[in-house]
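What follows is start.pdb (PDB, C-alpha atoms).
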```
MODEL        1
ATOM      1  CA  MET J  15     -26.951 -23.284  17.137
ATOM      2  CA  LYS J  16     -27.311 -23.937  13.407
ATOM      3  CA  ILE J  17     -24.759 -22.206  11.203
ATOM      4  CA  TRP J  18     -24.769 -21.926   7.407
ATOM      5  CA  VAL J  19     -21.608 -21.323   5.396
ATOM      6  CA  HIS J  20     -20.788 -20.309   1.854
ATOM      7  CA  LEU J  21     -18.108 -22.701   0.559
ATOM      8  CA  ASN J  22     -16.958 -22.787  -3.066
ATOM      9  CA  GLY J  23     -19.803 -20.492  -4.063
ATOM     10  CA  VAL J  24     -22.438 -22.830  -2.585
ATOM     11  CA  GLN J  25     -24.524 -22.268   0.525
ATOM     12  CA  GLN J  26     -24.123 -25.264   2.841
ATOM     13  CA  GLY J  27     -25.523 -26.182   6.210
ATOM     14  CA  PRO J  28     -26.799 -26.080   8.727
ATOM     15  CA  TYR J  29     -23.772 -27.116  10.799
ATOM     16  CA  THR J  30     -23.067 -27.142  14.497
ATOM     17  CA  PHE J  31     -20.067 -25.307  15.900
ATOM     18  CA  ASP J  32     -18.229 -28.634  16.339
ATOM     19  CA  GLN J  33     -18.898 -29.575  12.705
ATOM     20  CA  LEU J  34     -17.567 -26.189  11.545
ATOM     21  CA  GLN J  35     -14.226 -26.992  13.130
ATOM     22  CA  GLN J  36     -13.897 -29.904  10.686
ATOM     23  CA  LEU J  37     -14.668 -27.816   7.579
ATOM     24  CA  PRO J  38     -12.016 -25.995   5.515
ATOM     25  CA  ILE J  39     -13.228 -22.502   6.373
ATOM     26  CA  ASP J  40     -11.095 -19.437   6.970
ATOM     27  CA  MET J  41     -11.728 -16.040   8.533
ATOM     28  CA  MET J  42     -13.232 -14.664   5.305
ATOM     29  CA  THR J  43     -15.685 -17.527   4.678
ATOM     30  CA  PRO J  44     -19.228 -16.072   4.769
ATOM     31  CA  VAL J  45     -21.418 -17.471   7.574
ATOM     32  CA  TRP J  46     -24.940 -16.868   8.773
ATOM     33  CA  TYR J  47     -26.923 -18.056  11.768
ATOM     34  CA  GLU J  48     -30.065 -16.955  13.498
ATOM     35  CA  GLY J  49     -29.500 -13.577  15.073
ATOM     36  CA  LEU J  50     -27.144 -12.236  12.396
ATOM     37  CA  PRO J  51     -28.754  -9.536  10.232
ATOM     38  CA  GLN J  52     -26.775 -10.663   7.156
ATOM     39  CA  TRP J  53     -23.965 -12.943   5.985
ATOM     40  CA  MET J  54     -20.661 -12.060   7.680
ATOM     41  CA  PRO J  55     -17.065 -13.253   7.436
ATOM     42  CA  ALA J  56     -16.576 -16.100   9.922
ATOM     43  CA  GLY J  57     -13.775 -14.209  11.673
ATOM     44  CA  GLN J  58     -16.153 -11.300  12.447
ATOM     45  CA  ALA J  59     -19.291 -13.206  13.437
ATOM     46  CA  PRO J  60     -19.470 -13.451  17.241
ATOM     47  CA  ALA J  61     -20.365 -17.163  17.292
ATOM     48  CA  THR J  62     -17.650 -18.279  14.840
ATOM     49  CA  ALA J  63     -14.835 -15.844  15.683
ATOM     50  CA  PRO J  64     -13.502 -18.175  18.449
ATOM     51  CA  LEU J  65     -12.614 -20.667  15.701
ATOM     52  CA  PHE J  66      -9.846 -18.318  14.601
ATOM     53  CA  ALA J  67      -8.717 -16.880  17.913
ATOM     54  CA  ALA J  68      -5.158 -17.714  18.913
ATOM     55  CA  PRO J  69      -5.114 -20.168  21.784
ATOM     56  CA  GLN J  70      -4.649 -18.355  25.048
ATOM     57  CA  PRO J  71      -1.552 -19.398  26.952
ATOM     58  CA  GLN J  72      -2.375 -21.293  30.094
ATOM     59  CA  PRO J  73      -1.341 -19.397  33.203
ATOM     60  CA  ALA J  74       1.530 -20.933  35.103
ATOM     61  CA  PRO J  75       0.363 -22.779  38.177
ATOM     62  CA  GLN J  76       0.778 -20.677  41.268
ATOM     63  CA  PRO J  77       2.642 -22.253  44.150
ATOM     64  CA  GLN J  78       0.310 -23.264  46.908
ATOM     65  CA  PRO J  79       1.135 -22.002  50.361
ATOM     66  CA  LEU J  80       2.361 -24.690  52.704
ATOM     67  CA  THR J  81       0.006 -25.367  55.535
ATOM     68  CA  GLY J  82       0.509 -27.293  58.686
ATOM     69  CA  MET J  83       3.636 -28.723  60.173
ATOM     70  CA  PRO J  84       5.186 -32.067  59.286
ATOM     71  CA  GLY J  85       3.609 -34.805  61.322
ATOM     72  CA  GLN J  86       0.612 -32.633  62.163
ATOM     73  CA  ALA J  87      -2.825 -34.008  61.325
ATOM     74  CA  GLY J  88      -4.116 -32.576  58.044
ATOM     75  CA  SER J  89      -0.648 -31.529  56.910
ATOM     76  CA  ASN J  90      -0.017 -31.681  53.183
ATOM     77  CA  VAL J  91       3.696 -30.969  53.491
ATOM     78  CA  VAL J  92       5.958 -33.812  52.476
ATOM     79  CA  PHE J  93       9.671 -33.561  53.043
ATOM     80  CA  VAL J  94      11.933 -35.866  51.104
ATOM     81  CA  GLN J  95      15.456 -36.016  52.387
ATOM     82  CA  ALA J  96      18.099 -36.773  49.824
ATOM     83  CA  PRO J  97      20.513 -39.531  50.760
ATOM     84  CA  PRO J  98      24.119 -38.501  51.396
ATOM     85  CA  ARG J  99      26.209 -37.888  48.303
ATOM     86  CA  PRO J 100      28.246 -40.994  47.435
ATOM     87  CA  ALA J 101      32.030 -40.752  47.210
ATOM     88  CA  THR J 102      33.473 -39.866  43.815
ATOM     89  CA  TYR J 103      36.992 -41.242  44.439
ATOM     90  CA  LEU J 104      38.318 -38.725  41.894
ATOM     91  CA  ILE J 105      41.579 -38.043  43.751
ATOM     92  CA  TRP J 106      42.362 -41.770  43.899
ATOM     93  CA  SER J 107      41.442 -42.155  40.246
ATOM     94  CA  ILE J 108      43.692 -39.313  39.147
ATOM     95  CA  LEU J 109      46.605 -40.489  41.284
ATOM     96  CA  LEU J 110      46.341 -44.009  39.924
ATOM     97  CA  THR J 111      46.146 -42.705  36.362
ATOM     98  CA  VAL J 112      49.320 -40.684  36.851
ATOM     99  CA  LEU J 113      51.206 -43.438  38.703
ATOM    100  CA  CYS J 114      50.018 -46.586  36.933
ATOM    101  CA  CYS J 115      48.443 -45.376  33.700
ATOM    102  CA  SER J 116      45.971 -48.237  33.889
ATOM    103  CA  PRO J 117      42.882 -48.204  31.665
ATOM    104  CA  PHE J 118      40.854 -49.025  34.752
ATOM    105  CA  SER J 119      41.955 -45.801  36.448
ATOM    106  CA  ILE J 120      40.901 -43.785  33.381
ATOM    107  CA  ILE J 121      37.479 -45.443  33.518
ATOM    108  CA  ALA J 122      37.400 -44.591  37.238
ATOM    109  CA  ILE J 123      37.887 -40.892  36.438
ATOM    110  CA  VAL J 124      34.963 -40.956  34.011
ATOM    111  CA  THR J 125      32.596 -42.849  36.323
ATOM    112  CA  GLY J 126      33.703 -40.760  39.321
ATOM    113  CA  ALA J 127      32.789 -37.593  37.431
ATOM    114  CA  MET J 128      29.360 -39.055  36.690
ATOM    115  CA  VAL J 129      28.547 -39.445  40.408
ATOM    116  CA  ASN J 130      27.958 -35.720  40.997
ATOM    117  CA  SER J 131      25.981 -35.144  37.806
ATOM    118  CA  ARG J 132      23.608 -38.005  38.570
ATOM    119  CA  TYR J 133      23.229 -36.980  42.207
ATOM    120  CA  ASN J 134      22.458 -33.357  41.237
ATOM    121  CA  ALA J 135      19.846 -34.600  38.755
ATOM    122  CA  GLY J 136      18.089 -36.477  41.563
ATOM    123  CA  ASN J 137      19.156 -39.901  40.310
ATOM    124  CA  TYR J 138      20.431 -41.079  43.711
ATOM    125  CA  ASP J 139      20.532 -44.768  42.782
ATOM    126  CA  GLY J 140      22.476 -43.988  39.623
ATOM    127  CA  ALA J 141      24.957 -41.887  41.609
ATOM    128  CA  ARG J 142      25.456 -44.730  44.091
ATOM    129  CA  ARG J 143      25.981 -47.232  41.249
ATOM    130  CA  MET J 144      28.551 -44.961  39.567
ATOM    131  CA  SER J 145      30.348 -44.604  42.907
ATOM    132  CA  ASP J 146      30.447 -48.392  43.265
ATOM    133  CA  VAL J 147      31.755 -48.805  39.710
ATOM    134  CA  THR J 148      34.432 -46.175  40.398
ATOM    135  CA  GLU J 149      35.491 -48.009  43.528
ATOM    136  CA  TRP J 150      35.819 -51.293  41.632
ATOM    137  CA  MET J 151      37.800 -49.661  38.837
ATOM    138  CA  ILE J 152      40.242 -48.285  41.439
ATOM    139  CA  ILE J 153      40.622 -51.740  42.968
ATOM    140  CA  PHE J 154      41.237 -53.272  39.533
ATOM    141  CA  SER J 155      43.731 -50.535  38.744
ATOM    142  CA  ILE J 156      45.692 -51.227  41.952
ATOM    143  CA  VAL J 157      45.653 -54.983  41.304
ATOM    144  CA  VAL J 158      46.814 -54.517  37.699
ATOM    145  CA  GLY J 159      49.524 -52.141  38.907
ATOM    146  CA  LEU J 160      50.733 -54.604  41.533
ATOM    147  CA  ILE J 161      50.804 -57.439  39.006
ATOM    148  CA  PHE J 162      52.565 -55.551  36.235
ATOM    149  CA  LEU J 163      55.033 -53.648  38.427
ATOM    150  CA  PRO J 164      57.182 -56.732  39.124
ATOM    151  CA  LEU J 165      56.888 -57.806  35.482
ATOM    152  CA  THR J 166      58.112 -54.439  34.225
ATOM    153  CA  MET J 167      60.915 -54.512  36.782
ATOM    154  CA  LEU J 168      62.005 -57.901  35.429
ATOM    155  CA  LEU J 169      61.890 -56.630  31.837
ATOM    156  CA  TRP J 170      64.112 -53.655  32.706
ATOM    157  CA  LEU J 171      66.791 -55.890  34.216
TER     158      LEU J 171
ENDMDL
END
```

Please rewrite the model in this file as structure tokens.
Amino acid sequence: MKIWVHLNGVQQGPYTFDQLQQLPIDMMTPVWYEGLPQWMPAGQAPATAPLFAAPQPQPAPQPQPLTGMPGQAGSNVVFVQAPPRPATYLIWSILLTVLCCSPFSIIAIVTGAMVNSRYNAGNYDGARRMSDVTEWMIIFSIVVGLIFLPLTMLLWL
């Protein structure tokens, strides 16, 4: 379809619909094309009104019904089983913080708290890694406590 427009007081065209999208026209810009009895504002002409229509929101995808049984031929159901939740070691971390006040036990509290948040977010590998880090921080905290306990005993004598 060939469309003429009136821009800056000058008749211009013909343009295609795609070319009109590139022009600085608004709803009140006069347009004419074959089939219109007279010049009309672009927002009222049937062929150019879609240029100014608000985009329609896309409907949310509807959940598809599950068909078939797992393992059955033609089944599109996929079950993903989450691995078991790794240990957080929070009780050990807190006890060691209270008893030893080691910086490693404080780090263990922080990393132990991160295990659940990562697991709940679906980051199973990250949760496992945080659990491993927590375990190592507890071990370091115990070792540091065992090393410094005799030293502090000697200093108090």

Ranking J:Glu149, J:Asp139, J:Asp40, J:Glu48 by minimum distance to Thr102 of chain J and counting all atoms listed in the file, which one comes first?
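The answer is J:Glu149, which sits nearest to Thr102 of chain J.
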
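For the pair atom CA of Ile153 of chain J and atom CA of Val112 of chain J, the separation is 15.3 Å.
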
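Each of J:Phe154, J:Phe31, J:Tyr133, J:Trp106 was compared to Phe118 of chain J using all atoms listed in the file, and J:Phe154 turns out to be the nearest.
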
I'd like the contact shell of Gly140 of chain J - 12 Å cut-off, only C-alpha atoms, skipping same-chain residues fewer than 5 positions apart - returned as a PDB file with C-alpha atoms, in the coordinates of the input.
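Now in out.pdb:
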```pdb
ATOM      1  CA  ARG J  99      26.209 -37.888  48.303  1.00  0.00           C
ATOM      2  CA  PRO J 100      28.246 -40.994  47.435  1.00  0.00           C
ATOM      3  CA  THR J 125      32.596 -42.849  36.323  1.00  0.00           C
ATOM      4  CA  GLY J 126      33.703 -40.760  39.321  1.00  0.00           C
ATOM      5  CA  MET J 128      29.360 -39.055  36.690  1.00  0.00           C
ATOM      6  CA  VAL J 129      28.547 -39.445  40.408  1.00  0.00           C
ATOM      7  CA  ASN J 130      27.958 -35.720  40.997  1.00  0.00           C
ATOM      8  CA  SER J 131      25.981 -35.144  37.806  1.00  0.00           C
ATOM      9  CA  ARG J 132      23.608 -38.005  38.570  1.00  0.00           C
ATOM     10  CA  TYR J 133      23.229 -36.980  42.207  1.00  0.00           C
ATOM     11  CA  ASN J 134      22.458 -33.357  41.237  1.00  0.00           C
ATOM     12  CA  ALA J 135      19.846 -34.600  38.755  1.00  0.00           C
ATOM     13  CA  SER J 145      30.348 -44.604  42.907  1.00  0.00           C
ATOM     14  CA  ASP J 146      30.447 -48.392  43.265  1.00  0.00           C
ATOM     15  CA  VAL J 147      31.755 -48.805  39.710  1.00  0.00           C
TER      16      VAL J 147
END
```

Determine, counting all atoms listed in the file, which protein, DNA and RNA residues have an atom within 12 Å of an atom of Val157 of chain J; residues of the same chain fewer than 6 positions away are not included. Present the result as an MDAnalysis selection string.
chainID J and resid 110 114 116 118:119 150:151 163:164

In Å, how far is it from atom CA of Met42 of chain J to atom CA of Gly57 of chain J?
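Interatomic distance here is 6.4 Å.
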
Option closest in space to Leu109 of chain J, from J:Asn22, J:Thr30, J:Ser155, J:Gln52 [counting all atoms listed in the file]
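For Leu109 of chain J, the nearest of the given residues is J:Ser155.
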
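Closest approach to Ala59 of chain J from the set J:Trp18, J:Ala127, J:Leu37, J:Gly27 is made by J:Trp18, with distances taken over all atoms listed in the file.
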
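Here atom CA of Ile105 of chain J and atom CA of Ile152 of chain J stand 10.6 Å from one another.
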
Pick out the residues sitting within 12 Å of Gln33 of chain J, and hand them over as a PyMOL selection string; count only C-alpha atoms, and ignore anything fewer than 5 positions along from it in its own chain.
chain J and resi 15-19+26-28+38-39+62+65

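Using all atoms listed in the file, the protein and nucleic acid residues lying no more than 8 Å from Met41 of chain J, apart from those fewer than 3 places from it along its own chain, are Pro55, Ala56, Gly57, Gln58, Ala63 and Phe66 of chain J.
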
Please produce a file of those selected residues containing C-alpha atoms, as an mmCIF file, keeping the file's coordinate frame.
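Listing of selection_32.cif after writing:
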```
data_model
loop_
_atom_site.group_PDB
_atom_site.id
_atom_site.type_symbol
_atom_site.label_atom_id
_atom_site.label_comp_id
_atom_site.auth_asym_id
_atom_site.auth_seq_id
_atom_site.Cartn_x
_atom_site.Cartn_y
_atom_site.Cartn_z
ATOM 1 C CA PRO J 55 -17.065 -13.253 7.436
ATOM 2 C CA ALA J 56 -16.576 -16.100 9.922
ATOM 3 C CA GLY J 57 -13.775 -14.209 11.673
ATOM 4 C CA GLN J 58 -16.153 -11.300 12.447
ATOM 5 C CA ALA J 63 -14.835 -15.844 15.683
ATOM 6 C CA PHE J 66 -9.846 -18.318 14.601
#
```

Size and centre in Å, one decimal, axis-aligned box, all listed segment 119-137 of chain J atoms plus 4 Å per side, as lines of an AutoDock Vina configuration file:
```
center_x = 30.0
center_y = -39.6
center_z = 37.8
size_x = 31.9
size_y = 20.4
size_z = 16.8
```
